[in-house]
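> File work.txt below, compact mmCIF, N, CA and C atoms:
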```txt
# COMPACT_ATOMS: atom_id res chain seq x y z
N MET J 1 46.77 120.93 -2.34
CA MET J 1 45.71 121.56 -3.08
C MET J 1 44.94 122.49 -2.15
N LYS J 2 44.73 123.72 -2.61
CA LYS J 2 43.97 124.69 -1.84
C LYS J 2 42.48 124.38 -1.96
N LYS J 3 41.77 124.57 -0.87
CA LYS J 3 40.32 124.41 -0.86
C LYS J 3 39.69 125.70 -0.40
N SER J 4 38.51 125.98 -0.91
CA SER J 4 37.76 127.16 -0.52
C SER J 4 36.31 126.75 -0.29
N ASN J 5 35.75 127.19 0.81
CA ASN J 5 34.37 126.84 1.16
C ASN J 5 33.45 128.02 0.97
N ILE J 6 32.26 127.71 0.51
CA ILE J 6 31.17 128.68 0.42
C ILE J 6 30.03 128.10 1.24
N HIS J 7 29.49 128.92 2.12
CA HIS J 7 28.44 128.45 3.02
C HIS J 7 27.20 129.32 2.81
N LEU J 8 26.04 128.69 2.59
CA LEU J 8 24.76 129.38 2.48
C LEU J 8 23.90 129.01 3.67
N GLU J 9 23.24 130.00 4.24
CA GLU J 9 22.36 129.78 5.38
C GLU J 9 21.01 130.42 5.05
N VAL J 10 19.96 129.61 5.03
CA VAL J 10 18.62 130.08 4.70
C VAL J 10 17.75 129.99 5.94
N GLY J 11 17.22 131.13 6.37
CA GLY J 11 16.29 131.17 7.49
C GLY J 11 14.86 131.06 6.97
N LEU J 12 14.07 130.18 7.56
CA LEU J 12 12.70 129.96 7.11
C LEU J 12 11.70 130.48 8.14
N ASP J 13 10.58 130.99 7.64
CA ASP J 13 9.52 131.40 8.57
C ASP J 13 8.73 130.17 9.00
N ASN J 14 7.64 130.37 9.75
CA ASN J 14 6.89 129.22 10.26
C ASN J 14 6.16 128.43 9.17
N GLN J 15 6.09 128.99 7.95
CA GLN J 15 5.50 128.26 6.82
C GLN J 15 6.59 127.72 5.88
N GLU J 16 7.82 127.76 6.36
CA GLU J 16 9.00 127.27 5.64
C GLU J 16 9.26 128.03 4.34
N ILE J 17 8.94 129.32 4.34
CA ILE J 17 9.24 130.21 3.22
C ILE J 17 10.52 130.95 3.59
N PRO J 18 11.49 131.05 2.65
CA PRO J 18 12.74 131.74 2.98
C PRO J 18 12.50 133.17 3.46
N ASP J 19 13.05 133.45 4.63
CA ASP J 19 12.90 134.75 5.28
C ASP J 19 14.21 135.53 5.21
N THR J 20 15.31 134.81 5.38
CA THR J 20 16.64 135.42 5.31
C THR J 20 17.58 134.49 4.56
N ILE J 21 18.55 135.10 3.90
CA ILE J 21 19.62 134.34 3.26
C ILE J 21 20.93 135.03 3.62
N HIS J 22 21.86 134.26 4.14
CA HIS J 22 23.20 134.76 4.44
C HIS J 22 24.22 133.82 3.81
N TRP J 23 25.35 134.37 3.45
CA TRP J 23 26.41 133.55 2.88
C TRP J 23 27.76 134.01 3.39
N THR J 24 28.68 133.07 3.43
CA THR J 24 30.07 133.35 3.74
C THR J 24 30.92 132.54 2.77
N ALA J 25 32.12 133.02 2.54
CA ALA J 25 33.05 132.30 1.68
C ALA J 25 34.46 132.57 2.16
N ASP J 26 35.30 131.56 2.08
CA ASP J 26 36.68 131.71 2.52
C ASP J 26 37.39 132.83 1.79
N ASP J 27 37.10 132.99 0.50
CA ASP J 27 37.79 133.99 -0.31
C ASP J 27 36.95 135.23 -0.61
N ALA J 28 35.90 135.45 0.20
CA ALA J 28 35.03 136.62 -0.01
C ALA J 28 35.79 137.91 0.27
N PRO J 29 35.44 138.98 -0.43
CA PRO J 29 36.12 140.26 -0.20
C PRO J 29 35.88 140.84 1.19
N SER J 30 34.75 140.48 1.82
CA SER J 30 34.43 140.95 3.17
C SER J 30 34.31 139.76 4.10
N GLU J 31 34.74 139.96 5.34
CA GLU J 31 34.63 138.89 6.32
C GLU J 31 33.24 138.85 6.93
N GLY J 32 32.86 137.71 7.44
CA GLY J 32 31.59 137.55 8.12
C GLY J 32 30.44 137.27 7.18
N LYS J 33 29.28 137.12 7.78
CA LYS J 33 28.08 136.81 7.02
C LYS J 33 27.68 138.00 6.15
N GLN J 34 27.30 137.69 4.92
CA GLN J 34 26.78 138.69 4.00
C GLN J 34 25.31 138.37 3.76
N GLU J 35 24.49 139.40 3.70
CA GLU J 35 23.06 139.20 3.47
C GLU J 35 22.77 139.18 1.97
N ALA J 36 21.79 138.38 1.58
CA ALA J 36 21.35 138.33 0.19
C ALA J 36 19.84 138.16 0.19
N LYS J 37 19.21 138.54 -0.92
CA LYS J 37 17.77 138.33 -1.07
C LYS J 37 17.48 137.11 -1.93
N ALA J 38 18.47 136.64 -2.69
CA ALA J 38 18.24 135.49 -3.57
C ALA J 38 19.57 134.84 -3.92
N PHE J 39 19.48 133.58 -4.33
CA PHE J 39 20.63 132.94 -4.95
C PHE J 39 20.15 131.90 -5.94
N SER J 40 20.99 131.66 -6.91
CA SER J 40 20.72 130.66 -7.93
C SER J 40 21.97 129.83 -8.06
N LEU J 41 21.84 128.55 -7.82
CA LEU J 41 22.99 127.65 -7.85
C LEU J 41 22.74 126.57 -8.90
N SER J 42 23.66 126.43 -9.83
CA SER J 42 23.58 125.40 -10.85
C SER J 42 24.84 124.55 -10.77
N ILE J 43 24.64 123.24 -10.78
CA ILE J 43 25.76 122.30 -10.68
C ILE J 43 25.65 121.31 -11.83
N TRP J 44 26.73 121.13 -12.57
CA TRP J 44 26.74 120.16 -13.67
C TRP J 44 27.02 118.78 -13.10
N ASP J 45 26.09 117.87 -13.29
CA ASP J 45 26.24 116.49 -12.87
C ASP J 45 26.75 115.70 -14.08
N SER J 46 28.04 115.45 -14.13
CA SER J 46 28.64 114.82 -15.31
C SER J 46 28.20 113.36 -15.47
N SER J 47 27.89 112.70 -14.37
CA SER J 47 27.46 111.31 -14.51
C SER J 47 26.06 111.21 -15.12
N GLU J 48 25.20 112.16 -14.82
CA GLU J 48 23.85 112.18 -15.38
C GLU J 48 23.73 113.06 -16.62
N GLN J 49 24.81 113.81 -16.91
CA GLN J 49 24.82 114.75 -18.03
C GLN J 49 23.64 115.72 -17.95
N GLY J 50 23.50 116.32 -16.79
CA GLY J 50 22.41 117.27 -16.58
C GLY J 50 22.74 118.26 -15.49
N THR J 51 21.92 119.26 -15.37
CA THR J 51 22.13 120.32 -14.41
C THR J 51 21.22 120.15 -13.20
N LEU J 52 21.81 120.25 -12.02
CA LEU J 52 21.07 120.30 -10.77
C LEU J 52 20.95 121.79 -10.41
N LYS J 53 19.77 122.22 -10.02
CA LYS J 53 19.56 123.65 -9.83
C LYS J 53 18.79 123.92 -8.55
N ILE J 54 19.21 124.97 -7.86
CA ILE J 54 18.49 125.45 -6.68
C ILE J 54 18.33 126.96 -6.84
N ASP J 55 17.11 127.44 -6.82
CA ASP J 55 16.81 128.87 -6.85
C ASP J 55 16.00 129.20 -5.61
N LEU J 56 16.48 130.12 -4.80
CA LEU J 56 15.76 130.55 -3.60
C LEU J 56 15.79 132.06 -3.51
N TRP J 57 14.72 132.64 -2.98
CA TRP J 57 14.66 134.07 -2.76
C TRP J 57 13.82 134.33 -1.53
N THR J 58 14.08 135.45 -0.88
CA THR J 58 13.34 135.79 0.33
C THR J 58 11.98 136.38 -0.06
N LYS J 59 11.06 136.28 0.86
CA LYS J 59 9.70 136.73 0.58
C LYS J 59 9.60 138.24 0.42
N ASP J 60 10.62 138.99 0.84
CA ASP J 60 10.57 140.44 0.67
C ASP J 60 11.27 140.94 -0.60
N MET J 61 11.71 140.03 -1.45
CA MET J 61 12.35 140.44 -2.70
C MET J 61 11.27 140.95 -3.66
N GLU J 62 11.48 142.15 -4.17
CA GLU J 62 10.52 142.77 -5.09
C GLU J 62 10.59 142.11 -6.46
N VAL J 63 9.49 142.14 -7.20
CA VAL J 63 9.43 141.54 -8.53
C VAL J 63 10.47 142.16 -9.45
N PHE J 64 10.61 143.49 -9.44
CA PHE J 64 11.60 144.13 -10.30
C PHE J 64 13.02 143.71 -9.93
N GLU J 65 13.27 143.51 -8.64
CA GLU J 65 14.58 143.02 -8.21
C GLU J 65 14.84 141.62 -8.75
N MET J 66 13.81 140.77 -8.70
CA MET J 66 13.95 139.40 -9.19
C MET J 66 14.25 139.40 -10.69
N LYS J 67 13.54 140.21 -11.43
CA LYS J 67 13.78 140.28 -12.87
C LYS J 67 15.18 140.79 -13.16
N ARG J 68 15.61 141.81 -12.43
CA ARG J 68 16.97 142.34 -12.62
C ARG J 68 18.02 141.29 -12.26
N PHE J 69 17.76 140.52 -11.22
CA PHE J 69 18.65 139.44 -10.79
C PHE J 69 18.87 138.46 -11.93
N PHE J 70 17.79 138.04 -12.59
CA PHE J 70 17.93 137.07 -13.67
C PHE J 70 18.55 137.67 -14.92
N ILE J 71 18.32 138.95 -15.17
CA ILE J 71 19.00 139.61 -16.29
C ILE J 71 20.51 139.61 -16.04
N GLU J 72 20.92 139.89 -14.82
CA GLU J 72 22.34 139.90 -14.51
C GLU J 72 22.93 138.49 -14.56
N ILE J 73 22.15 137.48 -14.20
CA ILE J 73 22.62 136.10 -14.35
C ILE J 73 22.88 135.81 -15.83
N LEU J 74 21.95 136.23 -16.70
CA LEU J 74 22.15 136.03 -18.15
C LEU J 74 23.44 136.71 -18.62
N SER J 75 23.66 137.94 -18.19
CA SER J 75 24.87 138.65 -18.59
C SER J 75 26.12 137.91 -18.12
N GLY J 76 26.06 137.38 -16.92
CA GLY J 76 27.19 136.60 -16.41
C GLY J 76 27.41 135.33 -17.19
N MET J 77 26.31 134.71 -17.63
CA MET J 77 26.43 133.49 -18.44
C MET J 77 27.10 133.81 -19.77
N SER J 78 26.81 134.97 -20.32
CA SER J 78 27.45 135.39 -21.56
C SER J 78 28.96 135.50 -21.37
N ASP J 79 29.37 136.15 -20.30
CA ASP J 79 30.81 136.27 -20.00
C ASP J 79 31.44 134.89 -19.81
N THR J 80 30.74 134.00 -19.11
CA THR J 80 31.27 132.67 -18.85
C THR J 80 31.46 131.88 -20.14
N ILE J 81 30.46 131.88 -21.00
CA ILE J 81 30.58 131.11 -22.24
C ILE J 81 31.67 131.70 -23.14
N ARG J 82 31.79 133.02 -23.13
CA ARG J 82 32.84 133.69 -23.92
C ARG J 82 34.22 133.28 -23.41
N ASN J 83 34.41 133.33 -22.10
CA ASN J 83 35.72 133.04 -21.51
C ASN J 83 36.09 131.56 -21.54
N SER J 84 35.08 130.70 -21.40
CA SER J 84 35.38 129.27 -21.28
C SER J 84 35.44 128.56 -22.63
N THR J 85 34.71 129.06 -23.62
CA THR J 85 34.66 128.35 -24.91
C THR J 85 35.09 129.20 -26.09
N GLN J 86 35.23 130.49 -25.89
CA GLN J 86 35.53 131.45 -26.96
C GLN J 86 34.44 131.45 -28.04
N ASP J 87 33.23 131.03 -27.70
CA ASP J 87 32.10 131.03 -28.63
C ASP J 87 31.46 132.41 -28.60
N GLU J 88 31.98 133.30 -29.43
CA GLU J 88 31.53 134.68 -29.45
C GLU J 88 30.08 134.81 -29.92
N ILE J 89 29.67 133.97 -30.85
CA ILE J 89 28.30 134.05 -31.36
C ILE J 89 27.29 133.73 -30.27
N MET J 90 27.52 132.63 -29.54
CA MET J 90 26.60 132.27 -28.46
C MET J 90 26.61 133.36 -27.37
N ALA J 91 27.79 133.87 -27.05
CA ALA J 91 27.90 134.92 -26.04
C ALA J 91 27.13 136.16 -26.46
N MET J 92 27.24 136.54 -27.73
CA MET J 92 26.53 137.72 -28.22
C MET J 92 25.02 137.49 -28.21
N ASP J 93 24.57 136.29 -28.55
CA ASP J 93 23.14 135.99 -28.49
C ASP J 93 22.60 136.14 -27.07
N ILE J 94 23.34 135.64 -26.11
CA ILE J 94 22.93 135.77 -24.70
C ILE J 94 22.95 137.23 -24.29
N ASP J 95 24.00 137.98 -24.69
CA ASP J 95 24.07 139.41 -24.40
C ASP J 95 22.85 140.15 -24.96
N ASN J 96 22.50 139.83 -26.20
CA ASN J 96 21.36 140.50 -26.83
C ASN J 96 20.06 140.19 -26.11
N LEU J 97 19.91 138.96 -25.68
CA LEU J 97 18.72 138.59 -24.92
C LEU J 97 18.65 139.39 -23.61
N ALA J 98 19.77 139.49 -22.93
CA ALA J 98 19.82 140.26 -21.68
C ALA J 98 19.50 141.74 -21.94
N LYS J 99 20.00 142.28 -23.04
CA LYS J 99 19.70 143.68 -23.39
C LYS J 99 18.21 143.86 -23.68
N ASP J 100 17.61 142.92 -24.40
CA ASP J 100 16.18 142.98 -24.68
C ASP J 100 15.37 142.94 -23.39
N PHE J 101 15.75 142.05 -22.48
CA PHE J 101 15.05 141.97 -21.20
C PHE J 101 15.23 143.25 -20.38
N THR J 102 16.41 143.84 -20.45
CA THR J 102 16.67 145.10 -19.73
C THR J 102 15.74 146.20 -20.24
N LYS J 103 15.62 146.31 -21.55
CA LYS J 103 14.72 147.32 -22.12
C LYS J 103 13.28 147.08 -21.68
N ARG J 104 12.86 145.81 -21.71
CA ARG J 104 11.50 145.48 -21.29
C ARG J 104 11.28 145.83 -19.82
N LEU J 105 12.26 145.51 -18.98
CA LEU J 105 12.13 145.81 -17.56
C LEU J 105 12.08 147.32 -17.33
N GLU J 106 12.90 148.08 -18.04
CA GLU J 106 12.88 149.54 -17.89
C GLU J 106 11.51 150.09 -18.27
N LYS J 107 10.89 149.56 -19.33
CA LYS J 107 9.55 150.01 -19.72
C LYS J 107 8.53 149.66 -18.64
N GLU J 108 8.63 148.44 -18.10
CA GLU J 108 7.71 148.03 -17.04
C GLU J 108 7.84 148.95 -15.83
N MET J 109 9.06 149.31 -15.49
CA MET J 109 9.28 150.16 -14.33
C MET J 109 8.73 151.57 -14.58
N GLN J 110 8.89 152.07 -15.79
CA GLN J 110 8.32 153.38 -16.13
C GLN J 110 6.80 153.35 -16.05
N MET J 111 6.19 152.29 -16.56
CA MET J 111 4.74 152.17 -16.53
C MET J 111 4.24 152.05 -15.09
N ALA J 112 4.99 151.39 -14.24
CA ALA J 112 4.59 151.24 -12.84
C ALA J 112 4.64 152.57 -12.10
N LYS J 113 5.55 153.45 -12.52
CA LYS J 113 5.64 154.79 -11.89
C LYS J 113 4.48 155.68 -12.29
N GLY J 114 3.87 155.36 -13.42
CA GLY J 114 2.70 156.12 -13.84
C GLY J 114 2.93 156.97 -14.96
```
Could you show the structure in this file as structure tokens?

Amino acid sequence: MKKSNIHLEVGLDNQEIPDTIHWTADDAPSEGKQEAKAFSLSIWDSSEQGTLKIDLWTKDMEVFEMKRFFIEILSGMSDTIRNSTQDEIMAMDIDNLAKDFTKRLEKEMQMAKG
């Protein structure tokens, strides 16, 4: 059986706030450490029938970046539910939610520009 490892490394400042995030993976398209500003990890615990979740982001991640990050997570969830369950209705509902959030974010960004 083939195994693949994913490694996350979080650097903390003196107040233990994430300062840097790096990741590597055996099957990553690029070799070596890759930099990231955030990650969201969800793991299904079948024995407890619940989700274990870790969300971390660096202190220099902008609010608009964070919002865009979660919109893209939603879009990815839509693809996942479509591919894994063929539940097109649920996938479309998630897609529509992501589109609504995208429109809202675009308006916020325009308003911030003045």
> Check the DSSP output for the backbone and give back, as a PyMOL selection string, the residues of chain J in strand (DSSP E or B).
chain J and resi 6-12+18-25+34-36+38-45+50-57
> At a cut-off of 10 Å, using only C-alpha atoms, what residues contact Met61 (chain J)? Leave out same-chain residues fewer than 5 positions from it and give the result as a list in words.
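Residues meeting the cut-off are Asp19, Ala36, Lys37, Ala38 and Met66 of chain J.
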> Measure the distance from atom C of Leu41 (chain J) to atom N of Asn96 (chain J) in Å and round it to one decimal.
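That distance, rounded to one decimal, is 21.8 Å.
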> Between CA of Phe69 (chain J) and CA of Phe39 (chain J), what is the distance, to one decimal in Å?
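We find that CA of Phe69 (chain J) and CA of Phe39 (chain J) lie 9.0 Å from each other.
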> Just give me the gap between atom C of His7 (chain J) and CA of Ile21 (chain J) in Å, one decimal is fine.
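So the two atoms, atom C of His7 (chain J) and CA of Ile21 (chain J), lie 9.1 Å apart.
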